[in-house]
Amino acid sequence: MSRQNLTTDLHSILNSFLDLIGCDGGSIYTLEKNLQGDDVLVFKAMITRSLGVEAVPTHLRSLVFRLDENSTVGRTGLNREVYNDSVILSQPAADGTVPRQRPRSAIDIAMGYETRNMLSAPLLTPRGDLVGVIQLVNKIPENMETEAVFGEKDERLCGIVSSQAALVIENSMLLLEQENILDGFVNACVTAIEARDPVTSGHSQRVCDLTLNLASAVNREQSGPLGLIHFSETQFRELRYAAMLHDIGKISVKEHILQKEKKLYPWELKEIEMRFKLMKSAYRLEFQGEENRLELGRRLRELELAYQTILKANEPTVLPQEVSQNILELTKMQVQIDEGEVCCALHAHESQRLCIPRGSLSPEERIEIEKHVSFTYEILKMVPWSRGLEQVPTIAHRHHEKLDRTGYPPKVGAEDIPIQSRMLTIADIYDALTAKDRPYKAAFPLDKALEIL
Ligand SMILES: [Fe+2]
Ligand SMILES: [Fe+2]
């Protein structure tokens with residue numbers, strides 16, 4: 001269901017009324033709330049067969065009517081009564097004037113049309129709830145009459161079918177409301193995920209836009225394997241939700257891992273820095289006096305060099321072989337700070353972390369991050385997706401899989417990766433490559449990103 005479906009429903013309801021009652025045109029106004037929360041009737045459907053009009057013209061789409069006595073639409077909605085404004089205009093009026101002129105409405109003027117007679121009826125559900133107003137205009141003469149008006153029979157007929165029409169409209173609007181609620185909830189979830197990791201803020205929306213653009217491109221393709229694929233409107237919705245929520249599982253990943261920029265956490269580096277200060281102080285105590293000045297200088301320079309090596313290794317870029325060798329050497333560097341107590345430049349677990357060959361994550365942290373895909377699946381599986389949206393969890397679940405089974409999890413192959421997940425994966429990688437807001441890496445230019453893809 002979508003806004004488009006509601007428009008289609010209203011159009012076919014209006015067409016049925018025109019056929020049933022036998023008139024040239026009609027309009028439907030649906031009951032909605034304006035920004036102030038007041039009930040208003042919004043111009044939603046229009047057909048004028050003699051003019052070939054099949055929808056509300058763009059310049060009339062903003063028309064809304066309050067439920068008051070100032071318009072026939074408003075009056076019909078306010079009093080919930082049928083108004084039959086039908087007189088034979090070509091017959092003499094009470095004062096004998098022929099023909100009578102009927103004041104033209106703003107809509108008539110805008111459309112270059114003349115409403116000669118009108119039947120205005122409230123659209124009430126069997127429970128008595130107002131969902132809108134229908135107006136039928138210009139009864140088509142039967143037989144050889146030159147002019148016809150809406151009669152009692154038309155009013156009765158209109159009353160009978162309007163409650164059925166009201167039910168259909170209410171149903172469509174409820175589905176649309178449900179869709180709006182789901183959209184709002186999805187956006188709220190994305191805001192919650194991205195609030196935990198400001199660095200990747202906007203990622204879900206960008207990936208969603210790119211994925212939907214790819215799906216539109218597939219729909220435009222006429223030839224080749226993609227020419228056989230066509231995504232329906234519901235499949236677009238399904239894809240939109242999967243793309244917006246593909247990383248929702250990150251909600252379960254610990255924040256410090258999610259936001260990790262360098263190999264060591266800031267507090268770990270701080271601890272090393274403190275140890276180096278301590279070692280320098282120990283040397284200054286040990287090598288006091290003019291005769292030790294040169295040796296003290298050499299030792300302090302050695303410590304400074306070691307610390308700079310640590311800072312260099314801490315960066316998440318590809319680690320040069322010689323730096324990793326130097327880091328391993330630093331685990332042997334010790335300074336005696338007190339009798340029997342020694343201070344190590346680097347502990348084994350720190351050097352292990354600093355020797356991560358590429359990126360900032362240790363193998364354990366990488367596994368933890370990769371778990372977000374399983375969590376995404378588990379979370380999305382809990383949602384009772386409505387008909388046509390059942391694949392949202394699976395599409396999102398496959399967004400880190402690769403055709404050759406080297407992705408994760410559960411490492412499925414090409415045959416188990418739906419095309420929707422493939423488009424999502426392409427968009428996800430493209431955004432990660434081109435994102436300008438990651439402090440740990442520069443954004444690749446477009447051509448380089450496409451080359452990598
Ligand atoms: Fe992901
Ligand atoms: Fe992602």
# chains A, B, ... in the order shown; residues from 1 in each chain; ligands from 1
>>> closest_atom_pairs(of="chain A", to="ligand 2", cutoff="10 Å", atoms="only C-alpha atoms and all ligand atoms", output="Markdown table")
| residue | atom | partner | partner_atom_place_in_ligand_line | distance |
| --- | --- | --- | --- | --- |
| A:Thr200 | CA | ligand 2 | 1 (Fe) | 8.8 |
| A:His203 | CA | ligand 2 | 1 (Fe) | 6.7 |
| A:Ser204 | CA | ligand 2 | 1 (Fe) | 6.6 |
| A:Arg206 | CA | ligand 2 | 1 (Fe) | 9.7 |
| A:Val207 | CA | ligand 2 | 1 (Fe) | 7.3 |
| A:Cys208 | CA | ligand 2 | 1 (Fe) | 9.8 |
| A:Ala243 | CA | ligand 2 | 1 (Fe) | 8.5 |
| A:Met244 | CA | ligand 2 | 1 (Fe) | 9.2 |
| A:Leu245 | CA | ligand 2 | 1 (Fe) | 8.9 |
| A:His246 | CA | ligand 2 | 1 (Fe) | 6.4 |
| A:Asp247 | CA | ligand 2 | 1 (Fe) | 5.4 |
| A:Ile248 | CA | ligand 2 | 1 (Fe) | 9.1 |
| A:Lys250 | CA | ligand 2 | 1 (Fe) | 9.4 |
| A:His372 | CA | ligand 2 | 1 (Fe) | 9.9 |
| A:Val373 | CA | ligand 2 | 1 (Fe) | 9.5 |
| A:Ala396 | CA | ligand 2 | 1 (Fe) | 9.7 |
| A:His399 | CA | ligand 2 | 1 (Fe) | 7.9 |
| A:His400 | CA | ligand 2 | 1 (Fe) | 8.7 |
| A:Leu424 | CA | ligand 2 | 1 (Fe) | 8.8 |
| A:Thr425 | CA | ligand 2 | 1 (Fe) | 8.1 |
| A:Ala427 | CA | ligand 2 | 1 (Fe) | 8.6 |
| A:Asp428 | CA | ligand 2 | 1 (Fe) | 5.1 |
| A:Ile429 | CA | ligand 2 | 1 (Fe) | 7.7 |
| A:Tyr430 | CA | ligand 2 | 1 (Fe) | 9.9 |
| A:Asp431 | CA | ligand 2 | 1 (Fe) | 8.1 |
| A:Ala432 | CA | ligand 2 | 1 (Fe) | 7.6 |
>>> write_last_selection(atoms="C-alpha atoms", output="PDB file, in the first residue's frame")
ATOM      1  CA  THR A 200      29.029   6.742  10.202  1.00  0.00           C
ATOM      2  CA  HIS A 203      25.416   5.927   6.147  1.00  0.00           C
ATOM      3  CA  SER A 204      22.069   4.042   6.229  1.00  0.00           C
ATOM      4  CA  ARG A 206      22.966   7.047   1.684  1.00  0.00           C
ATOM      5  CA  VAL A 207      23.150   3.265   1.241  1.00  0.00           C
ATOM      6  CA  CYS A 208      19.355   3.160   0.944  1.00  0.00           C
ATOM      7  CA  ALA A 243      18.747  -1.047   3.197  1.00  0.00           C
ATOM      8  CA  MET A 244      17.761   1.391   5.940  1.00  0.00           C
ATOM      9  CA  LEU A 245      18.072  -1.313   8.614  1.00  0.00           C
ATOM     10  CA  HIS A 246      20.984  -3.383   7.266  1.00  0.00           C
ATOM     11  CA  ASP A 247      23.277  -2.287  10.114  1.00  0.00           C
ATOM     12  CA  ILE A 248      20.665  -2.261  12.904  1.00  0.00           C
ATOM     13  CA  LYS A 250      25.375  -2.648  15.361  1.00  0.00           C
ATOM     14  CA  HIS A 372      26.295  -7.170  13.729  1.00  0.00           C
ATOM     15  CA  VAL A 373      25.003  -8.999  10.636  1.00  0.00           C
ATOM     16  CA  ALA A 396      19.753  -7.392   5.048  1.00  0.00           C
ATOM     17  CA  HIS A 399      24.935  -7.665   2.962  1.00  0.00           C
ATOM     18  CA  HIS A 400      28.475  -8.822   3.845  1.00  0.00           C
ATOM     19  CA  LEU A 424      22.817  -3.425  -1.122  1.00  0.00           C
ATOM     20  CA  THR A 425      26.375  -4.762  -0.787  1.00  0.00           C
ATOM     21  CA  ALA A 427      26.009   0.447  -2.235  1.00  0.00           C
ATOM     22  CA  ASP A 428      27.434  -0.364   1.225  1.00  0.00           C
ATOM     23  CA  ILE A 429      31.006  -0.802  -0.054  1.00  0.00           C
ATOM     24  CA  TYR A 430      30.741   2.255  -2.281  1.00  0.00           C
ATOM     25  CA  ASP A 431      29.620   4.400   0.651  1.00  0.00           C
ATOM     26  CA  ALA A 432      32.386   3.064   2.907  1.00  0.00           C
TER      27      ALA A 432
END
>>> select_by_dssp(residues="segment 42-93 of chain A", states="strand (DSSP E or B)", output="ChimeraX atom specification")
/A:42-48,53,64-66,83-85
>>> write_last_selection(atoms="N, CA and C atoms", output="short mmCIF file (atom, residue, chain, number, x, y, z; two decimals), in the first residue's frame")
data_model
loop_
_atom_site.label_atom_id
_atom_site.label_comp_id
_atom_site.auth_asym_id
_atom_site.auth_seq_id
_atom_site.Cartn_x
_atom_site.Cartn_y
_atom_site.Cartn_z
N VAL A 42 -9.54 17.14 2.10
CA VAL A 42 -8.47 17.38 1.11
C VAL A 42 -8.89 16.84 -0.24
N PHE A 43 -8.68 17.67 -1.26
CA PHE A 43 -9.07 17.33 -2.64
C PHE A 43 -8.15 16.20 -3.14
N LYS A 44 -8.71 15.00 -3.30
CA LYS A 44 -7.86 13.85 -3.60
C LYS A 44 -8.11 13.19 -4.96
N ALA A 45 -9.34 13.30 -5.48
CA ALA A 45 -9.59 12.63 -6.78
C ALA A 45 -10.56 13.47 -7.59
N MET A 46 -10.36 13.47 -8.89
CA MET A 46 -11.25 14.25 -9.75
C MET A 46 -11.33 13.59 -11.12
N ILE A 47 -12.54 13.51 -11.64
CA ILE A 47 -12.72 13.03 -13.02
C ILE A 47 -13.74 13.97 -13.68
N THR A 48 -13.40 14.46 -14.85
CA THR A 48 -14.38 15.20 -15.66
C THR A 48 -14.28 14.61 -17.06
N VAL A 53 -10.41 14.91 -18.02
CA VAL A 53 -9.62 15.05 -16.78
C VAL A 53 -9.75 13.77 -15.95
N VAL A 64 -7.92 22.62 0.30
CA VAL A 64 -8.49 21.93 1.47
C VAL A 64 -9.71 22.74 1.93
N PHE A 65 -10.68 22.03 2.48
CA PHE A 65 -11.89 22.70 2.94
C PHE A 65 -12.12 22.37 4.41
N ARG A 66 -12.47 23.39 5.17
CA ARG A 66 -12.81 23.15 6.57
C ARG A 66 -14.23 22.58 6.65
N TYR A 83 -26.46 16.55 -0.07
CA TYR A 83 -27.00 17.80 -0.64
C TYR A 83 -27.22 17.60 -2.12
N ASN A 84 -28.46 17.81 -2.52
CA ASN A 84 -28.76 17.68 -3.94
C ASN A 84 -29.05 19.07 -4.48
N ASP A 85 -28.05 19.63 -5.13
CA ASP A 85 -28.19 20.99 -5.66
C ASP A 85 -28.55 20.87 -7.14
#
>>> atom_distance(atom1="atom CA of Leu182 of chain A", atom2="atom CA of Val392 of chain A")
13.1 Å
>>> closest_residue(among="A:Arg61, A:Arg116, A:Arg398, A:Arg301", to="ligand 1", atoms="only C-alpha atoms and all ligand atoms")
A:Arg398
>>> atom_distance(atom1="atom CA of Glu152 of chain A", atom2="atom CA of Ser12 of chain A")
24.0 Å
>>> closest_residue(among="A:Arg358, A:Arg237, A:His349, A:Lys277", to="Ser386 of chain A", atoms="only C-alpha atoms")
A:Arg237
>>> closest_residue(among="A:Asp416, A:Glu273, A:Glu302, A:Glu238", to="Met333 of chain A", atoms="only C-alpha atoms")
A:Glu302
>>> residues_around(residues="Leu403 of chain A", least_positions_apart="6", cutoff="8 Å", atoms="only C-alpha atoms", output="PyMOL selection string")
chain A and resi 412-414+417
>>> atom_distance(atom1="atom CA of Ala348 of chain A", atom2="atom CA of Lys254 of chain A")
23.8 Å
>>> select_by_dssp(residues="segment 352-448 of chain A", states="alpha helix (DSSP H)", output="number ranges by chain")
A: 352-354, 363-381, 392-397, 419-434, 446-448
>>> write_last_selection(atoms="N, CA and C atoms", output="compact mmCIF listing (two decimals), in the first residue's frame")
# COMPACT_ATOMS: atom_id res chain seq x y z
N GLN A 352 51.04 -7.07 20.38
CA GLN A 352 50.17 -7.89 19.51
C GLN A 352 49.14 -6.99 18.79
N ARG A 353 48.58 -6.09 19.55
CA ARG A 353 47.60 -5.15 19.02
C ARG A 353 48.24 -4.22 18.00
N LEU A 354 49.45 -3.72 18.33
CA LEU A 354 50.11 -2.78 17.42
C LEU A 354 50.59 -3.45 16.14
N PRO A 363 41.69 -9.44 15.70
CA PRO A 363 40.79 -10.50 15.18
C PRO A 363 39.54 -10.66 16.04
N GLU A 364 39.69 -10.56 17.39
CA GLU A 364 38.52 -10.72 18.27
C GLU A 364 37.52 -9.58 18.06
N GLU A 365 38.09 -8.36 17.93
CA GLU A 365 37.19 -7.22 17.74
C GLU A 365 36.50 -7.29 16.37
N ARG A 366 37.23 -7.79 15.40
CA ARG A 366 36.64 -7.92 14.06
C ARG A 366 35.45 -8.90 14.12
N ILE A 367 35.66 -10.00 14.85
CA ILE A 367 34.56 -10.99 14.99
C ILE A 367 33.36 -10.32 15.67
N GLU A 368 33.67 -9.53 16.69
CA GLU A 368 32.59 -8.83 17.42
C GLU A 368 31.82 -7.90 16.47
N ILE A 369 32.56 -7.15 15.64
CA ILE A 369 31.90 -6.23 14.68
C ILE A 369 31.10 -7.04 13.66
N GLU A 370 31.68 -8.13 13.20
CA GLU A 370 31.01 -8.93 12.17
C GLU A 370 29.71 -9.54 12.68
N LYS A 371 29.62 -9.67 13.99
CA LYS A 371 28.39 -10.23 14.57
C LYS A 371 27.18 -9.34 14.29
N HIS A 372 27.44 -8.07 13.92
CA HIS A 372 26.30 -7.17 13.73
C HIS A 372 25.34 -7.71 12.67
N VAL A 373 25.87 -8.48 11.71
CA VAL A 373 25.00 -9.00 10.64
C VAL A 373 24.02 -10.03 11.21
N SER A 374 24.52 -10.91 12.08
CA SER A 374 23.63 -11.91 12.68
C SER A 374 22.58 -11.23 13.55
N PHE A 375 23.03 -10.19 14.28
CA PHE A 375 22.07 -9.47 15.12
C PHE A 375 21.03 -8.76 14.26
N THR A 376 21.49 -8.19 13.14
CA THR A 376 20.53 -7.53 12.23
C THR A 376 19.45 -8.53 11.86
N TYR A 377 19.88 -9.74 11.50
CA TYR A 377 18.92 -10.77 11.08
C TYR A 377 17.97 -11.12 12.22
N GLU A 378 18.55 -11.33 13.40
CA GLU A 378 17.71 -11.72 14.55
C GLU A 378 16.69 -10.64 14.89
N ILE A 379 17.14 -9.38 14.84
CA ILE A 379 16.22 -8.28 15.18
C ILE A 379 15.12 -8.19 14.12
N LEU A 380 15.53 -8.22 12.85
CA LEU A 380 14.53 -8.06 11.79
C LEU A 380 13.57 -9.24 11.70
N LYS A 381 14.04 -10.41 12.11
CA LYS A 381 13.18 -11.59 12.09
C LYS A 381 12.04 -11.46 13.10
N VAL A 392 12.71 -8.86 3.95
CA VAL A 392 13.56 -7.80 4.55
C VAL A 392 14.70 -8.41 5.38
N PRO A 393 14.42 -9.36 6.31
CA PRO A 393 15.53 -9.90 7.12
C PRO A 393 16.60 -10.59 6.27
N THR A 394 16.19 -11.38 5.28
CA THR A 394 17.17 -12.12 4.46
C THR A 394 17.99 -11.17 3.61
N ILE A 395 17.36 -10.19 3.00
CA ILE A 395 18.11 -9.24 2.15
C ILE A 395 19.19 -8.55 2.98
N ALA A 396 18.79 -8.09 4.19
CA ALA A 396 19.75 -7.39 5.05
C ALA A 396 20.83 -8.35 5.55
N HIS A 397 20.44 -9.59 5.83
CA HIS A 397 21.37 -10.58 6.41
C HIS A 397 22.55 -10.87 5.49
N ILE A 419 19.53 -10.86 -5.53
CA ILE A 419 20.03 -9.68 -6.25
C ILE A 419 19.86 -8.42 -5.40
N GLN A 420 18.79 -8.39 -4.57
CA GLN A 420 18.59 -7.21 -3.71
C GLN A 420 19.77 -7.04 -2.75
N SER A 421 20.27 -8.18 -2.19
CA SER A 421 21.41 -8.09 -1.28
C SER A 421 22.67 -7.68 -2.04
N ARG A 422 22.79 -8.12 -3.28
CA ARG A 422 23.99 -7.75 -4.07
C ARG A 422 24.01 -6.24 -4.30
N MET A 423 22.84 -5.68 -4.62
CA MET A 423 22.79 -4.22 -4.83
C MET A 423 23.11 -3.49 -3.53
N LEU A 424 22.57 -4.03 -2.44
CA LEU A 424 22.82 -3.42 -1.12
C LEU A 424 24.31 -3.48 -0.77
N THR A 425 24.95 -4.60 -1.08
CA THR A 425 26.38 -4.76 -0.79
C THR A 425 27.21 -3.76 -1.59
N ILE A 426 26.87 -3.62 -2.87
CA ILE A 426 27.61 -2.68 -3.72
C ILE A 426 27.48 -1.26 -3.15
N ALA A 427 26.24 -0.90 -2.78
CA ALA A 427 26.01 0.45 -2.24
C ALA A 427 26.76 0.63 -0.92
N ASP A 428 26.78 -0.42 -0.08
CA ASP A 428 27.43 -0.36 1.23
C ASP A 428 28.94 -0.15 1.07
N ILE A 429 29.55 -0.92 0.16
CA ILE A 429 31.01 -0.80 -0.05
C ILE A 429 31.32 0.57 -0.66
N TYR A 430 30.51 0.96 -1.63
CA TYR A 430 30.74 2.26 -2.28
C TYR A 430 30.70 3.39 -1.25
N ASP A 431 29.72 3.32 -0.34
CA ASP A 431 29.62 4.40 0.65
C ASP A 431 30.80 4.38 1.61
N ALA A 432 31.24 3.16 1.99
CA ALA A 432 32.39 3.06 2.91
C ALA A 432 33.64 3.63 2.23
N LEU A 433 33.78 3.41 0.91
CA LEU A 433 34.96 3.89 0.20
C LEU A 433 34.95 5.41 0.01
N THR A 434 33.77 5.95 -0.24
CA THR A 434 33.71 7.37 -0.60
C THR A 434 33.34 8.29 0.56
N LEU A 446 35.68 9.18 -6.80
CA LEU A 446 34.69 8.33 -7.47
C LEU A 446 35.31 7.26 -8.37
N ASP A 447 36.27 7.68 -9.25
CA ASP A 447 36.80 6.71 -10.22
C ASP A 447 37.58 5.60 -9.52
N LYS A 448 38.30 5.95 -8.44
CA LYS A 448 39.07 4.95 -7.69
C LYS A 448 38.09 3.97 -7.00
>>> residues_around(residues="Ser324 of chain A", least_positions_apart="6", cutoff="10 Å", atoms="only C-alpha atoms", output="PyMOL selection string")
chain A and resi 309-310+313+330+351-352+354-357
>>> write_last_selection(atoms="N, CA and C atoms", output="PDB file, in the first residue's frame")
ATOM      1  N   THR A 309      57.828   5.112  17.429  1.00  0.00           N
ATOM      2  CA  THR A 309      57.528   3.869  16.681  1.00  0.00           C
ATOM      3  C   THR A 309      56.150   3.354  17.073  1.00  0.00           C
ATOM      4  N   ILE A 310      55.836   3.437  18.369  1.00  0.00           N
ATOM      5  CA  ILE A 310      54.520   2.984  18.849  1.00  0.00           C
ATOM      6  C   ILE A 310      53.409   3.830  18.222  1.00  0.00           C
ATOM      7  N   ALA A 313      52.978   2.795  14.648  1.00  0.00           N
ATOM      8  CA  ALA A 313      52.326   1.487  14.505  1.00  0.00           C
ATOM      9  C   ALA A 313      50.848   1.565  14.886  1.00  0.00           C
ATOM     10  N   LEU A 330      60.469  -4.001  21.058  1.00  0.00           N
ATOM     11  CA  LEU A 330      60.184  -3.132  22.212  1.00  0.00           C
ATOM     12  C   LEU A 330      59.665  -3.893  23.434  1.00  0.00           C
ATOM     13  N   SER A 351      51.846  -5.133  22.116  1.00  0.00           N
ATOM     14  CA  SER A 351      52.593  -5.281  20.854  1.00  0.00           C
ATOM     15  C   SER A 351      51.779  -6.106  19.847  1.00  0.00           C
ATOM     16  N   GLN A 352      51.038  -7.073  20.376  1.00  0.00           N
ATOM     17  CA  GLN A 352      50.172  -7.891  19.509  1.00  0.00           C
ATOM     18  C   GLN A 352      49.144  -6.988  18.792  1.00  0.00           C
ATOM     19  N   LEU A 354      49.445  -3.725  18.326  1.00  0.00           N
ATOM     20  CA  LEU A 354      50.113  -2.780  17.423  1.00  0.00           C
ATOM     21  C   LEU A 354      50.590  -3.454  16.136  1.00  0.00           C
ATOM     22  N   CYS A 355      50.713  -4.780  16.176  1.00  0.00           N
ATOM     23  CA  CYS A 355      51.169  -5.505  14.979  1.00  0.00           C
ATOM     24  C   CYS A 355      50.013  -5.925  14.066  1.00  0.00           C
ATOM     25  N   ILE A 356      48.787  -5.445  14.356  1.00  0.00           N
ATOM     26  CA  ILE A 356      47.662  -5.719  13.436  1.00  0.00           C
ATOM     27  C   ILE A 356      48.103  -5.213  12.059  1.00  0.00           C
ATOM     28  N   PRO A 357      48.149  -6.092  11.055  1.00  0.00           N
ATOM     29  CA  PRO A 357      48.757  -5.687   9.783  1.00  0.00           C
ATOM     30  C   PRO A 357      48.010  -4.581   9.044  1.00  0.00           C
TER      31      PRO A 357
END
>>> residues_around(residues="Ser162 of chain A", least_positions_apart="5", cutoff="10 Å", atoms="only C-alpha atoms", output="PyMOL selection string")
chain A and resi 13+17+121-126+132-134+156-157+167-168
>>> residues_around(residues="Leu31 of chain A", least_positions_apart="3", cutoff="6 Å", atoms="only C-alpha atoms", output="MDAnalysis selection string")
chainID A and resid 40:41 131:132
>>> closest_residue(among="A:Ile251, A:Ser172, A:Leu210, A:Leu67", to="ligand 1", atoms="only C-alpha atoms and all ligand atoms")
A:Ile251
